[in-house]
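Everything below belongs to run.pdb, which stores PDB, C-alpha atoms.
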```pdb
ATOM      1  CA  MET A   1     125.412  81.528  78.537
ATOM      2  CA  VAL A   2     123.813  83.648  75.824
ATOM      3  CA  ALA A   3     125.172  87.153  75.484
ATOM      4  CA  SER A   4     122.802  90.052  74.902
ATOM      5  CA  LEU A   5     122.526  91.922  71.635
ATOM      6  CA  ASP A   6     124.318  94.834  73.294
ATOM      7  CA  GLY A   7     127.144  92.502  74.230
ATOM      8  CA  ILE A   8     127.431  91.237  70.665
ATOM      9  CA  ARG A   9     127.736  94.783  69.390
ATOM     10  CA  HIS A  10     130.458  95.534  71.917
ATOM     11  CA  LEU A  11     132.192  92.292  70.954
ATOM     12  CA  GLU A  12     132.243  93.397  67.319
ATOM     13  CA  SER A  13     133.863  96.663  68.395
ATOM     14  CA  GLY A  14     136.557  94.768  70.348
ATOM     15  CA  TYR A  15     135.239  95.387  73.891
ATOM     16  CA  LEU A  16     132.941  93.259  76.051
ATOM     17  CA  PRO A  17     131.695  94.531  79.450
ATOM     18  CA  LEU A  18     131.653  92.030  82.337
ATOM     19  CA  SER A  19     127.969  92.692  82.940
ATOM     20  CA  ALA A  20     127.190  91.204  79.540
ATOM     21  CA  ILE A  21     128.308  87.703  80.580
ATOM     22  CA  ALA A  22     128.139  87.656  84.418
ATOM     23  CA  THR A  23     126.163  89.031  87.332
ATOM     24  CA  ILE A  24     128.254  90.438  90.165
ATOM     25  CA  LYS A  25     126.818  90.447  93.690
ATOM     26  CA  ILE A  26     128.108  90.253  97.286
ATOM     27  CA  THR A  27     127.418  86.939  99.051
ATOM     28  CA  GLU A  28     128.945  84.654 101.721
ATOM     29  CA  GLY A  29     131.556  82.081 100.740
ATOM     30  CA  PRO A  30     134.937  80.635 101.694
ATOM     31  CA  ASN A  31     137.671  83.199 102.215
ATOM     32  CA  GLN A  32     140.097  80.921 100.392
ATOM     33  CA  VAL A  33     140.083  77.759  98.317
ATOM     34  CA  SER A  34     142.563  75.181  99.676
ATOM     35  CA  ARG A  35     143.969  72.483  97.449
ATOM     36  CA  GLU A  36     145.938  69.312  98.043
ATOM     37  CA  ASN A  37     147.288  67.160  95.198
ATOM     38  CA  ALA A  38     145.521  69.484  92.737
ATOM     39  CA  LYS A  39     142.162  68.787  94.403
ATOM     40  CA  ARG A  40     140.003  71.047  96.519
ATOM     41  CA  ARG A  41     140.176  70.399 100.260
ATOM     42  CA  VAL A  42     137.941  71.600 103.094
ATOM     43  CA  VAL A  43     139.144  71.144 106.692
ATOM     44  CA  VAL A  44     136.619  70.578 109.505
ATOM     45  CA  GLN A  45     138.189  70.827 112.967
ATOM     46  CA  ALA A  46     136.873  69.821 116.389
ATOM     47  CA  ASN A  47     138.230  69.711 119.937
ATOM     48  CA  VAL A  48     137.346  66.567 121.906
ATOM     49  CA  ARG A  49     136.686  66.977 125.635
ATOM     50  CA  GLY A  50     135.393  64.574 128.230
ATOM     51  CA  ARG A  51     136.094  61.410 126.214
ATOM     52  CA  ASP A  52     138.915  59.711 124.360
ATOM     53  CA  LEU A  53     139.716  60.572 120.780
ATOM     54  CA  GLY A  54     139.497  57.016 119.444
ATOM     55  CA  THR A  55     135.879  56.322 120.464
ATOM     56  CA  PHE A  56     134.816  59.813 119.369
ATOM     57  CA  VAL A  57     136.169  59.295 115.845
ATOM     58  CA  ALA A  58     134.693  55.782 115.693
ATOM     59  CA  GLU A  59     131.238  57.139 116.579
ATOM     60  CA  ALA A  60     131.613  60.034 114.139
ATOM     61  CA  GLN A  61     132.586  57.659 111.331
ATOM     62  CA  ARG A  62     129.630  55.402 112.076
ATOM     63  CA  ARG A  63     127.103  58.252 112.123
ATOM     64  CA  ILE A  64     128.474  59.829 108.958
ATOM     65  CA  GLU A  65     128.244  56.479 107.181
ATOM     66  CA  GLN A  66     124.640  56.010 108.340
ATOM     67  CA  GLU A  67     123.259  59.546 108.018
ATOM     68  CA  ILE A  68     125.259  61.310 105.311
ATOM     69  CA  GLU A  69     125.538  60.382 101.650
ATOM     70  CA  LEU A  70     128.530  62.059 100.058
ATOM     71  CA  PRO A  71     128.129  63.351  96.494
ATOM     72  CA  PRO A  72     130.172  61.668  93.740
ATOM     73  CA  GLY A  73     133.795  62.762  93.838
ATOM     74  CA  TYR A  74     133.791  63.534  97.584
ATOM     75  CA  TRP A  75     135.639  61.542 100.254
ATOM     76  CA  LEU A  76     136.667  61.900 103.905
ATOM     77  CA  THR A  77     140.125  61.659 105.479
ATOM     78  CA  TRP A  78     140.598  61.668 109.257
ATOM     79  CA  GLY A  79     143.838  63.406 110.196
ATOM     80  CA  GLY A  80     145.310  65.585 112.901
ATOM     81  CA  GLN A  81     145.686  64.045 116.359
ATOM     82  CA  PHE A  82     143.724  60.971 115.293
ATOM     83  CA  GLU A  83     146.245  60.260 112.545
ATOM     84  CA  ASN A  84     149.070  60.570 115.082
ATOM     85  CA  LEU A  85     147.146  58.272 117.452
ATOM     86  CA  ILE A  86     146.897  55.545 114.821
ATOM     87  CA  ALA A  87     150.606  55.811 114.016
ATOM     88  CA  ALA A  88     151.574  55.659 117.707
ATOM     89  CA  ARG A  89     149.256  52.685 118.282
ATOM     90  CA  ARG A  90     150.953  50.770 115.470
ATOM     91  CA  ARG A  91     154.352  51.482 116.982
ATOM     92  CA  LEU A  92     153.193  50.296 120.414
ATOM     93  CA  MET A  93     151.917  47.046 118.917
ATOM     94  CA  PHE A  94     155.543  46.365 118.027
ATOM     95  CA  VAL A  95     157.313  47.979 120.987
ATOM     96  CA  VAL A  96     155.297  46.360 123.827
ATOM     97  CA  PRO A  97     155.827  42.707 122.766
ATOM     98  CA  LEU A  98     159.469  43.458 122.031
ATOM     99  CA  SER A  99     159.918  44.994 125.507
ATOM    100  CA  LEU A 100     158.347  41.972 127.210
ATOM    101  CA  LEU A 101     160.520  39.623 125.166
ATOM    102  CA  LEU A 102     163.677  41.535 126.103
ATOM    103  CA  ILE A 103     162.677  41.431 129.776
ATOM    104  CA  PHE A 104     162.305  37.652 129.632
ATOM    105  CA  VAL A 105     165.626  37.270 127.808
ATOM    106  CA  LEU A 106     167.389  39.319 130.501
ATOM    107  CA  LEU A 107     165.765  37.229 133.227
ATOM    108  CA  PHE A 108     166.945  34.053 131.552
ATOM    109  CA  ALA A 109     170.449  35.511 131.254
ATOM    110  CA  THR A 110     170.358  36.299 134.992
ATOM    111  CA  PHE A 111     169.074  32.953 136.289
ATOM    112  CA  ASN A 112     170.078  30.669 133.403
ATOM    113  CA  SER A 113     166.820  28.895 134.188
ATOM    114  CA  VAL A 114     163.517  29.019 132.317
ATOM    115  CA  LYS A 115     161.635  28.013 135.479
ATOM    116  CA  HIS A 116     162.930  30.890 137.587
ATOM    117  CA  SER A 117     162.508  33.315 134.700
ATOM    118  CA  ILE A 118     158.844  32.355 134.374
ATOM    119  CA  ILE A 119     158.304  32.719 138.139
ATOM    120  CA  VAL A 120     159.656  36.270 138.101
ATOM    121  CA  PHE A 121     157.932  37.121 134.832
ATOM    122  CA  SER A 122     154.584  36.079 136.340
ATOM    123  CA  GLY A 123     154.577  39.470 138.070
ATOM    124  CA  VAL A 124     153.886  41.176 134.744
ATOM    125  CA  PRO A 125     150.318  39.865 134.100
ATOM    126  CA  LEU A 126     149.006  40.831 137.535
ATOM    127  CA  ALA A 127     150.714  44.204 137.288
ATOM    128  CA  LEU A 128     148.991  44.828 133.953
ATOM    129  CA  THR A 129     145.680  43.739 135.502
ATOM    130  CA  GLY A 130     146.100  46.258 138.306
ATOM    131  CA  GLY A 131     146.855  49.030 135.813
ATOM    132  CA  ILE A 132     143.753  48.259 133.747
ATOM    133  CA  LEU A 133     141.606  48.113 136.903
ATOM    134  CA  ALA A 134     142.952  51.493 138.025
ATOM    135  CA  LEU A 135     142.065  53.036 134.638
ATOM    136  CA  TRP A 136     138.554  51.585 134.868
ATOM    137  CA  LEU A 137     137.995  52.859 138.407
ATOM    138  CA  ARG A 138     139.022  56.388 137.410
ATOM    139  CA  GLY A 139     137.114  56.286 134.133
ATOM    140  CA  ILE A 140     140.234  56.976 132.060
ATOM    141  CA  PRO A 141     140.348  55.473 128.551
ATOM    142  CA  LEU A 142     143.265  53.400 127.334
ATOM    143  CA  SER A 143     145.578  55.775 125.493
ATOM    144  CA  ILE A 144     149.123  55.966 124.168
ATOM    145  CA  SER A 145     150.459  57.422 127.429
ATOM    146  CA  ALA A 146     148.787  54.557 129.314
ATOM    147  CA  GLY A 147     150.582  52.120 126.996
ATOM    148  CA  VAL A 148     153.901  53.739 127.883
ATOM    149  CA  GLY A 149     152.946  53.363 131.546
ATOM    150  CA  PHE A 150     152.413  49.619 131.042
ATOM    151  CA  ILE A 151     155.940  49.305 129.653
ATOM    152  CA  ALA A 152     157.417  51.080 132.684
ATOM    153  CA  LEU A 153     155.201  49.027 134.991
ATOM    154  CA  SER A 154     156.531  45.753 133.589
ATOM    155  CA  GLY A 155     160.053  46.714 134.603
ATOM    156  CA  ILE A 156     159.013  47.588 138.160
ATOM    157  CA  ALA A 157     157.073  44.336 138.589
ATOM    158  CA  VAL A 158     159.981  42.243 137.348
ATOM    159  CA  LEU A 159     162.439  44.084 139.596
ATOM    160  CA  ASN A 160     160.533  43.165 142.763
ATOM    161  CA  GLY A 161     160.265  39.528 141.740
ATOM    162  CA  LEU A 162     163.942  39.433 140.818
ATOM    163  CA  VAL A 163     164.930  40.663 144.285
ATOM    164  CA  MET A 164     162.757  38.039 145.978
ATOM    165  CA  VAL A 165     163.763  35.002 143.910
ATOM    166  CA  THR A 166     167.465  35.896 143.959
ATOM    167  CA  PHE A 167     167.446  36.093 147.760
ATOM    168  CA  ILE A 168     165.556  32.799 148.151
ATOM    169  CA  ASN A 169     168.023  31.104 145.797
ATOM    170  CA  GLY A 170     170.868  32.475 147.891
ATOM    171  CA  LEU A 171     169.382  31.023 151.074
ATOM    172  CA  ARG A 172     168.920  27.638 149.443
ATOM    173  CA  GLY A 173     172.502  27.777 148.215
ATOM    174  CA  GLU A 174     173.572  28.187 151.849
ATOM    175  CA  GLY A 175     171.881  24.885 152.691
ATOM    176  CA  ARG A 176     168.494  26.084 153.971
ATOM    177  CA  ALA A 177     165.462  23.863 153.524
ATOM    178  CA  LEU A 178     162.982  24.892 150.839
ATOM    179  CA  ASP A 179     160.157  26.073 153.090
ATOM    180  CA  GLU A 180     162.549  27.805 155.473
ATOM    181  CA  ALA A 181     164.277  29.605 152.603
ATOM    182  CA  ILE A 182     160.946  30.770 151.154
ATOM    183  CA  VAL A 183     159.612  32.077 154.478
ATOM    184  CA  ASP A 184     162.862  33.775 155.510
ATOM    185  CA  GLY A 185     163.350  35.216 152.031
ATOM    186  CA  ALA A 186     159.816  36.661 151.905
ATOM    187  CA  LEU A 187     160.117  38.208 155.362
ATOM    188  CA  THR A 188     163.610  39.576 154.797
ATOM    189  CA  ARG A 189     162.790  41.098 151.395
ATOM    190  CA  LEU A 190     159.484  42.558 152.626
ATOM    191  CA  ARG A 191     160.976  45.976 153.404
ATOM    192  CA  PRO A 192     162.915  46.434 150.112
ATOM    193  CA  VAL A 193     159.883  45.388 148.055
ATOM    194  CA  LEU A 194     157.570  47.749 149.951
ATOM    195  CA  MET A 195     160.087  50.596 149.670
ATOM    196  CA  THR A 196     160.317  50.095 145.905
ATOM    197  CA  ALA A 197     156.530  50.046 145.610
ATOM    198  CA  LEU A 198     156.051  53.147 147.768
ATOM    199  CA  VAL A 199     158.690  55.172 145.926
ATOM    200  CA  ALA A 200     157.226  54.272 142.538
ATOM    201  CA  SER A 201     153.587  54.828 143.528
ATOM    202  CA  LEU A 202     153.954  57.967 145.676
ATOM    203  CA  GLY A 203     156.218  59.567 143.072
ATOM    204  CA  PHE A 204     153.428  59.359 140.501
ATOM    205  CA  VAL A 205     150.650  60.702 142.751
ATOM    206  CA  PRO A 206     151.113  64.379 141.671
ATOM    207  CA  MET A 207     150.843  63.288 138.030
ATOM    208  CA  ALA A 208     147.768  61.177 138.758
ATOM    209  CA  ILE A 209     145.857  64.119 140.264
ATOM    210  CA  ALA A 210     147.172  66.782 137.889
ATOM    211  CA  THR A 211     144.600  69.118 136.334
ATOM    212  CA  GLY A 212     146.739  71.668 134.502
ATOM    213  CA  SER A 213     148.272  71.739 131.063
ATOM    214  CA  GLY A 214     149.375  68.277 129.903
ATOM    215  CA  ALA A 215     147.251  66.483 132.516
ATOM    216  CA  GLU A 216     145.538  64.428 129.817
ATOM    217  CA  VAL A 217     148.928  62.794 129.134
ATOM    218  CA  GLN A 218     150.141  62.529 132.737
ATOM    219  CA  ARG A 219     147.008  61.067 134.378
ATOM    220  CA  PRO A 220     146.764  57.810 132.359
ATOM    221  CA  LEU A 221     150.472  57.052 132.726
ATOM    222  CA  ALA A 222     150.536  57.718 136.470
ATOM    223  CA  THR A 223     147.275  55.828 137.086
ATOM    224  CA  VAL A 224     148.581  52.742 135.310
ATOM    225  CA  VAL A 225     151.848  52.744 137.264
ATOM    226  CA  ILE A 226     150.190  53.270 140.673
ATOM    227  CA  GLY A 227     147.524  50.603 140.149
ATOM    228  CA  GLY A 228     149.985  48.134 138.697
ATOM    229  CA  VAL A 229     152.563  48.655 141.448
ATOM    230  CA  VAL A 230     149.965  47.873 144.112
ATOM    231  CA  SER A 231     148.846  44.638 142.431
ATOM    232  CA  SER A 232     152.374  43.529 141.523
ATOM    233  CA  THR A 233     153.534  44.109 145.107
ATOM    234  CA  LEU A 234     150.798  41.802 146.388
ATOM    235  CA  LEU A 235     151.931  39.215 143.843
ATOM    236  CA  THR A 236     155.571  39.521 144.864
ATOM    237  CA  LEU A 237     154.850  39.158 148.583
ATOM    238  CA  VAL A 238     152.106  36.516 148.456
ATOM    239  CA  VAL A 239     151.749  34.721 145.134
ATOM    240  CA  LEU A 240     155.387  34.577 144.046
ATOM    241  CA  PRO A 241     156.588  32.579 147.124
ATOM    242  CA  ALA A 242     153.682  30.181 146.583
ATOM    243  CA  LEU A 243     154.632  29.753 142.920
ATOM    244  CA  TYR A 244     158.243  29.157 143.931
ATOM    245  CA  ARG A 245     157.110  26.447 146.365
ATOM    246  CA  VAL A 246     154.906  24.768 143.728
ATOM    247  CA  CYS A 247     157.680  24.768 141.115
ATOM    248  CA  HIS A 248     160.147  23.205 143.590
ATOM    249  CA  ARG A 249     157.837  20.800 145.420
ATOM    250  CA  LYS A 250     159.624  17.786 143.948
ATOM    251  CA  GLY A 251     162.574  18.634 146.140
ATOM    252  CA  SER A 252     160.315  18.668 149.207
ATOM    253  CA  ASN A 253     161.934  20.483 152.126
ATOM    254  CA  ASP A 254     165.433  19.191 151.507
ATOM    255  CA  ALA A 255     168.175  21.734 151.170
ATOM    256  CA  ALA A 256     169.810  22.113 147.783
ATOM    257  CA  GLY A 257     173.235  20.603 147.646
ATOM    258  CA  PRO A 258     176.248  22.443 146.223
ATOM    259  CA  GLY A 259     175.920  20.770 142.838
ATOM    260  CA  GLU A 260     172.120  20.649 142.619
ATOM    261  CA  PRO A 261     170.042  23.146 140.651
ATOM    262  CA  LEU A 262     167.974  25.557 142.730
TER     263      LEU A 262
END
```

Output the structure of this file as structure tokens.
Amino acid sequence: MVASLDGIRHLESGYLPLSAIATIKITEGPNQVSRENAKRRVVVQANVRGRDLGTFVAEAQRRIEQEIELPPGYWLTWGGQFENLIAARRRLMFVVPLSLLLIFVLLFATFNSVKHSIIVFSGVPLALTGGILALWLRGIPLSISAGVGFIALSGIAVLNGLVMVTFINGLRGEGRALDEAIVDGALTRLRPVLMTALVASLGFVPMAIATGSGAEVQRPLATVVIGGVVSSTLLTLVVLPALYRVCHRKGSNDAAGPGEPL
């Protein structure tokens, strides 16, 4: 900037007016300059409604990459709830497999048999399928709360199968034939399994239809549990006895002796 002759004269006298080196005017601009790590930072906030946060950010990232060219020295960082979502998703990727592994280990400790543990554990896949189908029917995206619901659902599905297989093993230990033990066990355990399913599903209905504050967290969790309980109950009452019969068909209809494995 070149100072005026007037400014040079004032400079020689020891004083320099601001008007000699700058123009002052009122204009629009940021009310504050934020910095992070000694660098300027501008925060752009948005509230997402009607869709899940993950797909919204993915679409925003794609469109920014295609339509906007950032000047040199500029970069983007996605934070806020999306940052928390990524952190929670990484934790679930560790917690969910660990939970399923612990469930199987406990089943093996209960039955001391890999075969029976697998039969009971087979309730988990169909329960998860029912939860995913329920989310799809209601148009709810897969979220962190839905992931927590899948963990709770796995326990409920395994509990029903555990009740059924334990009772059938008890009947066979009393000397019942295989087919007779399976039929009597399925019929006798029908009421406890249905009661467990009804309590779990009906208890989550208010959460599934909630519309107030926190409903975005409650609805996915409750939907997963209700849908999964329905499908896992069908598995426990229909598929699980059939699997038990297939896994023990070598023994035909003979009753298990006192020293024979069930």

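When the PyMOL selection byres ((chain A and resi 129) around 12) is run on the displayed coordinates, the residues it returns are Ser122, Gly123, Val124, Pro125, Leu126, Ala127, Leu128, Gly130, Gly131, Ile132, Leu133, Ala134, Leu135, Trp136, Phe150, Leu153, Ser154, Ala157, Val224, Val225, Ile226, Gly227, Gly228, Val229, Val230, Ser231, Ser232 and Leu235 of chain A.
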
The PyMOL selection byres ((chain A and resi 80-82) around 10) on the file shown: which residues, as an MDAnalysis selection string?
chainID A and resid 45 53:54 56:57 77:79 83:88

Please return the centre and edge lengths, in Å to one decimal, of a box with edges along x, y and z that contains all listed atoms of segment 239-249 of chain A, widened by 8 Å on every side, as AutoDock Vina command-line options.
```
--center_x 155.9 --center_y 27.8 --center_z 144.1 --size_x 24.4 --size_y 29.9 --size_z 22.0
```

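Residues matched by the PyMOL selection byres ((chain A and resi 240-243) around 8) in this file: Ile119, Val120, Ser122, Gly123, Gly161, Ile182, Val183, Ala186, Leu235, Thr236, Leu237, Val238, Val239, Tyr244, Arg245, Val246 and Cys247 of chain A.
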
Rounded to one decimal, what separation in Å do you get between atom CA of Val105 of chain A and atom CA of Ile156 of chain A?
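Computed distance, atom CA of Val105 of chain A to atom CA of Ile156 of chain A, equals 16.0 Å.
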
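We find atom CA of Lys115 of chain A and atom CA of Ala177 of chain A to be spaced 18.9 Å apart.
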
Interatomic distance, atom CA of Asn169 of chain A to atom CA of Leu194 of chain A (Å, one decimal)
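Separation between atom CA of Asn169 of chain A and atom CA of Leu194 of chain A: 20.1 Å.
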
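Among A:Glu180, A:Met195, A:Ile151, A:Leu106, the residue with the shortest atom-to-atom distance to Phe94 of chain A, counting all atoms listed in the file, is A:Ile151.
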
Counting all atoms listed in the file, the option among A:Thr223, A:Asn47, A:Ser117, A:Thr27 closest to Leu142 of chain A
A:Thr223

When distances are computed from only C-alpha atoms, which of A:Ala197, A:Ile103, A:Val96, A:Leu18 shows the smallest separation from Asn160 of chain A?
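Closest residue, counting only C-alpha atoms: A:Ala197.
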
Exercise: Arg51 of chain A partners within 10 Å, all atoms listed in the file, chain neighbours under 5 positions left out, as a short mmCIF file (atom, residue, chain, number, x, y, z; two decimals) with C-alpha atoms, in the coordinates of the input:
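What ended up in out.cif:
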```
data_model
loop_
_atom_site.label_atom_id
_atom_site.label_comp_id
_atom_site.auth_asym_id
_atom_site.auth_seq_id
_atom_site.Cartn_x
_atom_site.Cartn_y
_atom_site.Cartn_z
CA PHE A 56 134.82 59.81 119.37
CA GLY A 139 137.11 56.29 134.13
CA ILE A 140 140.23 56.98 132.06
CA PRO A 141 140.35 55.47 128.55
#
```

Counting all atoms listed in the file, closest pick from A:Phe111, A:Ala181, A:Gly147, A:Tyr74 relative to Pro97 of chain A is A:Gly147

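Using all atoms listed in the file, the smallest distance between any of A:Gln32, A:Ala222, A:Pro17, A:Ile24 and Gly149 of chain A comes from A:Ala222.
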